[in-house]
There are 2 protein chains.
Amino acid sequence: MNGCNDIKILLFGTGAVGSLYGGKLSQAGASVSAVCRSDYDVVKDRGIYIKSIYGDFHFRPETVIRKASEYRDNPDYIIVTTKVLPEIDVPSMIMDAVKPSTSIVLLQNGIDIERGIAGAFPNNEIISALAFVCVSRKGFGDVEHQDYGRIVLGTYPSGVSEKVKILAGLFNVSGIPVETAEDVIEARWRKLLWNAPFNPLSVIGGCVDTKQILSNTLTEALAENIMHEVFELSVADGHPVAVELIRKNIEDTYRMIPYKTSMLLDYESGRPMEVEAILGNAVRIADKYGKKIPYIRSIYAILDLINRTNIERGDR
Amino acid sequence: MNGCNDIKILLFGTGAVGSLYGGKLSQAGASVSAVCRSDYDVVKDRGIYIKSIYGDFHFRPETVIRKASEYRDNPDYIIVTTKVLPEIDVPSMIMDAVKPSTSIVLLQNGIDIERGIAGAFPNNEIISALAFVCVSRKGFGDVEHQDYGRIVLGTYPSGVSEKVKILAGLFNVSGIPVETAEDVIEARWRKLLWNAPFNPLSVIGGCVDTKQILSNTLTEALAENIMHEVFELSVADGHPVAVELIRKNIEDTYRMIPYKTSMLLDYESGRPMEVEAILGNAVRIADKYGKKIPYIRSIYAILDLINRTNIERGDR
């Protein structure tokens with residue numbers, strides 16, 4: 001692993017996020033292979049077309065495989081970009097491709113999502129990464145990147161390793177705004193500050209965008225109360241976010257173009273939502289520290305009910 | 001007002017509840033006239049047909065009028081059965097028919113719904129009444145009473161007056177199970193114990209029935225948390241309900257046939273929901289006593305957002 005061309009990356013998931021960032025890393029010179037599931041035939045056949053605010057491009061993975069055991073190389077990085085769902089068992093999914101020198105990168109949403117993977121691979125470096133991006137998959141091998149794009153990453157549970165710096169460097173070369181974080185758990189809490197209210201409320205509030213949530217004084221106050229609970233959890237967890245970010249998040253969201261959250265897009269498509277990664281894990285952390293968080297608990301219960309009904313209806 | 005035939009009742013609202021109970025009072029011998037709005041032509045022309053578990057019957061009001069000022073008599077009782085909605089101004093609606101001897105009966109849902117009317121008619125008796133009933137209007141002049149039917153009533157704010165007893169007697173004669181309550185505000189809190197969780201959750205939870213709400217351990221716990229807050233408010237308000245009723249309500253609901261709440265029926269028909277009567281007034285009482293009630297506050301905010309969006313969509 002000396003030049004960029006020697007960096008070997010195995011990508012799990014060629015949805016919106018995996019395609020965009022896998023593609024950019026490939027542009028930067030890394031050798032990126034992809035494990036695909038439902039979209040295997042399309043991606044194998046013609047690669048992935050990406051319309052992006054950074055310029056449209058075509059991403060053809062080095063190899064396209066169906067499962068980890070088909071990978072014949074020694075990956076420097078495994079990058080997991082799947083949704084965080086109870087039915088996706090990440091350790092089993094990646095196990096056959098994990099080598100002693102492999103860093104496992106979790107480019108996913110949610111809080112405390114690293115624990116299970118760190119436990120399953122205690123001798124591998126875990127890198128936790130967050131994407132601040134509006135990107136969606138329009139069809140297999142067909143991705144549209146509409147806005148934003150920044151990546152934040154760090155070694156889990158803390159620190160910035162050499163391999164984090166190398167990966168950040170690759171993103172940087174490809175034109176992606178990138179930051180390394182000494183305390184990546186704090187960065188996750190910070191992202192949750194926005195995600196915990198706005199993703200669930202966009203669904204629970206009757207399929208509404210960010211502007212509609214804030215146009216109602218009661219739901220704006222509820223969003224703020226939820227953020228306060230996230231803040232309190234971050235303090236209890238030893239990774240405090242700045243309390244000023246609560247108002248800043250509200251004000252920034254007022255200025256955003258009205259935005260349909262990714263959770264709402266999942267709901268409307270009948271796909272499972274990341275209820276546990278966004279809210280369930282927060283509730284479990286609250287239980288651990290004896291925190292009440294009734295606002296988060298309320299939306300968690302309602303969202304879980306909606307999610308189960310939605311999946312059942314989709315399965316019919 | 002000596003015999004039943006001398007009792008004059010003016011009914012406001014010939015929806016499901018008004019038609020059923022107005023009809024039963026008419027059966028019992030009272031002279032019942034009705035103020036109708038959208039259904040005026042139908043009710044004037046052919047009266048109201050009621051399918052009921054107490055036996056089907058036909059209710060033809062003594063007179064059918066469009067507004068209070070058309071009533072030429074001196075009503076012993078005005079019975080208001082409209083929904084409790086901010087856009088329905090009950091004092092203005094009934095004012096022209098209220099005489100010094102008129103008792104104003106509010107046969108409506110919600111908590112603290114009497115205050116405005118008592119303030120507008122300080123010299124009239126206000127009777128507060130609750131219907132525990134499954135009844136729905138299938139069309140103008142066409143009502144179906146599916147289950148239950150008990151009435152609880154008392155003088156507002158407390159006591160059981162002679163006129164309450166006479167009205168209770170009429171219901172009794174007509175075969176309606178009826179109870180008088182010395183503390184009718186406590187009776188309202190007791191009804192809210194069930195209404196506050198189940199009505200809103202049936203809508204917010206993604207259009208679900210009572211069984212679906214209880215089939216999810218998280219929403220069952222949320223329902224119980226909401227009931228606990230209602231209980232605490234009833235204590236603060238000086239009309240404490242029995243705390244055992246919380247578990248009893250949950251267990252009784254388990255045994256009920258899966259039931260679509262009236263709020264869900266309103267939502268599905270694009271009609272405004274009784275958000276303020278059921279939740280908004282509870283929040284204002286909590287503010288008065290400095291109580292937190294975060295669970296009720298959460299569902300209030302979400303339901304208000306859904307309600308506004310639903311009405312806007314219906315208006316399009």
# chains A, B, ... in the order shown; residues from 1 in each chain; ligands from 1
$ select_by_dssp --residues "segment 91-149 of chain B" --states "strand (DSSP E or B)" --output "list in words"
Ser103, Ile104, Val105, Leu106, Leu107, Ile126, Ile127, Ser128, Ala129, Leu130, Ala131, Phe132, Val133, Cys134, Val135, Ser136, Arg137, Lys138, Gly139, Asp142, Val143, Glu144, His145, Gln146, Asp147, Tyr148 and Gly149 of chain B
$ closest_atom_pairs --of "chain A" --to "chain B" --cutoff "6 Å" --atoms "only C-alpha atoms" --output "CSV"
residue,atom,partner,partner_atom,distance
A:Gly205,CA,B:Ile302,CA,5.4
A:Gly206,CA,B:Ile306,CA,5.5
A:Leu218,CA,B:Ala301,CA,4.8
A:Thr219,CA,B:Ala301,CA,5.1
A:Ala301,CA,B:Leu218,CA,4.8
A:Ile302,CA,B:Gly205,CA,5.4
A:Ile306,CA,B:Gly206,CA,5.5
$ closest_residue --among "B:Tyr148, B:Tyr267, B:Tyr77, B:Phe12" --to "Asn124 of chain B" --atoms "only C-alpha atoms"
B:Tyr77
$ residues_around --residues "segment 15-22 of chain A" --least-positions-apart "4" --cutoff "7 Å" --atoms "only C-alpha atoms" --output "PDB file with N, CA, C and O atoms, in the first residue's frame"
ATOM      1  N   LEU A  11     -16.148  -2.794  -1.395  1.00  0.00           N
ATOM      2  CA  LEU A  11     -17.335  -2.006  -1.064  1.00  0.00           C
ATOM      3  C   LEU A  11     -18.543  -2.929  -0.894  1.00  0.00           C
ATOM      4  O   LEU A  11     -18.837  -3.735  -1.779  1.00  0.00           O
ATOM      5  N   SER A  26     -12.645   5.413  -6.415  1.00  0.00           N
ATOM      6  CA  SER A  26     -12.116   4.803  -7.631  1.00  0.00           C
ATOM      7  C   SER A  26     -11.516   5.879  -8.533  1.00  0.00           C
ATOM      8  O   SER A  26     -10.409   5.722  -9.063  1.00  0.00           O
ATOM      9  N   VAL A  32     -11.287  -0.324  -6.477  1.00  0.00           N
ATOM     10  CA  VAL A  32     -12.530  -0.538  -5.732  1.00  0.00           C
ATOM     11  C   VAL A  32     -13.339  -1.688  -6.340  1.00  0.00           C
ATOM     12  O   VAL A  32     -13.757  -1.605  -7.493  1.00  0.00           O
ATOM     13  N   ILE A  50     -23.452   7.988 -12.430  1.00  0.00           N
ATOM     14  CA  ILE A  50     -23.696   8.897 -11.308  1.00  0.00           C
ATOM     15  C   ILE A  50     -23.812  10.331 -11.817  1.00  0.00           C
ATOM     16  O   ILE A  50     -22.858  10.876 -12.394  1.00  0.00           O
ATOM     17  N   THR A  81     -21.697   0.251   3.341  1.00  0.00           N
ATOM     18  CA  THR A  81     -22.601   1.389   3.119  1.00  0.00           C
ATOM     19  C   THR A  81     -24.059   0.950   3.100  1.00  0.00           C
ATOM     20  O   THR A  81     -24.929   1.706   2.665  1.00  0.00           O
ATOM     21  N   VAL A 135     -28.328  12.186  -1.666  1.00  0.00           N
ATOM     22  CA  VAL A 135     -28.058  11.344  -2.836  1.00  0.00           C
ATOM     23  C   VAL A 135     -29.096  10.231  -2.849  1.00  0.00           C
ATOM     24  O   VAL A 135     -29.513   9.756  -1.789  1.00  0.00           O
ATOM     25  N   SER A 136     -29.563   9.855  -4.029  1.00  0.00           N
ATOM     26  CA  SER A 136     -30.554   8.781  -4.081  1.00  0.00           C
ATOM     27  C   SER A 136     -30.328   7.894  -5.297  1.00  0.00           C
ATOM     28  O   SER A 136     -29.767   8.330  -6.302  1.00  0.00           O
ATOM     29  N   ARG A 137     -30.727   6.654  -5.159  1.00  0.00           N
ATOM     30  CA  ARG A 137     -30.613   5.714  -6.283  1.00  0.00           C
ATOM     31  C   ARG A 137     -31.929   5.704  -7.026  1.00  0.00           C
ATOM     32  O   ARG A 137     -32.975   5.451  -6.442  1.00  0.00           O
ATOM     33  N   VAL A 143     -27.540   6.568 -10.147  1.00  0.00           N
ATOM     34  CA  VAL A 143     -27.537   7.311  -8.887  1.00  0.00           C
ATOM     35  C   VAL A 143     -27.513   8.810  -9.157  1.00  0.00           C
ATOM     36  O   VAL A 143     -26.880   9.265 -10.111  1.00  0.00           O
TER      37      VAL A 143
END
$ residues_around --residues "Asp76 of chain A" --least-positions-apart "3" --cutoff "6 Å" --atoms "only C-alpha atoms" --output "JSON, numbers by chain"
{"A": [8, 9, 102]}
$ select_by_dssp --residues "segment 67-300 of chain B" --states "helix (DSSP H, G or I)" --output "NGL selection string"
:B and (68-70 or 90-97 or 115-120 or 162-173 or 184-204 or 210-214 or 217-236 or 245-255 or 262-268 or 275-289 or 294-300)
$ residues_around --residues "segment 152-169 of chain A" --least-positions-apart "2" --cutoff "9 Å" --atoms "only C-alpha atoms" --output "ChimeraX atom specification"
/A:25,76-77,103,105,107,114,118,125-132,150,171-174,177-185,187
$ closest_residue --among "A:Leu106, A:Ile48, A:Ile113, A:Leu279" --to "Asp142 of chain A" --atoms "only C-alpha atoms"
A:Ile48
$ residues_around --residues "Gly290 of chain A" --least-positions-apart "4" --cutoff "12 Å" --atoms "only C-alpha atoms" --output "VMD selection string"
chain A and resid 232 to 233 236 to 237 282 to 286
$ write_last_selection --atoms "all heavy atoms" --output "CSV table (one decimal), in the first residue's frame"
chain,number,residue,atom,x,y,z
A,232,GLU,N,-28.5,15.7,25.9
A,232,GLU,CA,-28.3,15.1,27.3
A,232,GLU,C,-27.7,13.7,27.2
A,232,GLU,O,-26.8,13.3,28.0
A,232,GLU,CB,-29.6,15.0,28.0
A,232,GLU,CG,-30.1,16.3,28.6
A,232,GLU,CD,-31.5,16.3,29.1
A,232,GLU,OE1,-31.9,15.2,29.5
A,232,GLU,OE2,-32.2,17.3,29.2
A,233,LEU,N,-28.1,12.9,26.2
A,233,LEU,CA,-27.5,11.6,26.0
A,233,LEU,C,-26.0,11.7,25.7
A,233,LEU,O,-25.2,10.9,26.2
A,233,LEU,CB,-28.2,10.8,25.0
A,233,LEU,CG,-29.6,10.3,25.3
A,233,LEU,CD1,-30.3,9.5,24.2
A,233,LEU,CD2,-29.6,9.4,26.6
A,236,ALA,N,-24.2,12.3,28.8
A,236,ALA,CA,-24.1,11.1,29.7
A,236,ALA,C,-23.2,10.1,29.1
A,236,ALA,O,-22.5,9.4,29.9
A,236,ALA,CB,-25.5,10.5,29.8
A,237,ASP,N,-23.1,10.1,27.8
A,237,ASP,CA,-22.2,9.1,27.1
A,237,ASP,C,-20.8,9.5,27.1
A,237,ASP,O,-19.9,8.8,26.6
A,237,ASP,CB,-22.8,8.9,25.7
A,237,ASP,CG,-22.3,7.7,25.0
A,237,ASP,OD1,-22.1,6.6,25.7
A,237,ASP,OD2,-22.0,7.7,23.8
A,282,ALA,N,-30.5,4.9,20.7
A,282,ALA,CA,-30.5,6.0,21.6
A,282,ALA,C,-31.3,5.7,22.9
A,282,ALA,O,-30.9,6.0,24.0
A,282,ALA,CB,-31.1,7.3,20.9
A,283,VAL,N,-32.4,5.0,22.7
A,283,VAL,CA,-33.2,4.6,23.9
A,283,VAL,C,-32.4,3.6,24.7
A,283,VAL,O,-32.5,3.7,26.0
A,283,VAL,CB,-34.6,4.0,23.4
A,283,VAL,CG1,-35.3,3.2,24.5
A,283,VAL,CG2,-35.5,5.1,22.9
A,284,ARG,N,-31.7,2.7,24.1
A,284,ARG,CA,-30.9,1.7,24.9
A,284,ARG,C,-29.8,2.4,25.7
A,284,ARG,O,-29.5,2.1,26.8
A,284,ARG,CB,-30.4,0.6,24.0
A,284,ARG,CG,-31.5,-0.4,23.7
A,284,ARG,CD,-31.1,-1.5,22.8
A,284,ARG,NE,-31.0,-1.1,21.4
A,284,ARG,CZ,-32.0,-1.1,20.5
A,284,ARG,NH1,-33.2,-1.5,21.0
A,284,ARG,NH2,-31.9,-0.7,19.3
A,285,ILE,N,-29.2,3.4,25.0
A,285,ILE,CA,-28.2,4.2,25.8
A,285,ILE,C,-28.8,4.9,26.9
A,285,ILE,O,-28.2,5.0,28.0
A,285,ILE,CB,-27.4,5.1,24.8
A,285,ILE,CG1,-26.6,4.3,23.8
A,285,ILE,CG2,-26.6,6.2,25.5
A,285,ILE,CD1,-26.0,5.1,22.6
A,286,ALA,N,-30.0,5.5,26.7
A,286,ALA,CA,-30.7,6.2,27.8
A,286,ALA,C,-31.0,5.2,28.9
A,286,ALA,O,-30.8,5.6,30.1
A,286,ALA,CB,-32.0,6.8,27.3
$ closest_residue --among "A:Pro258, A:Pro100, A:Gly141, A:Pro122" --to "Pro75 of chain A" --atoms "only C-alpha atoms"
A:Pro100
$ atom_distance --atom1 "atom CA of Phe140 of chain B" --atom2 "atom CA of Val42 of chain B"
6.4 Å
$ atom_distance --atom1 "atom CA of Thr82 of chain A" --atom2 "atom CA of Gly13 of chain A"
5.2 Å
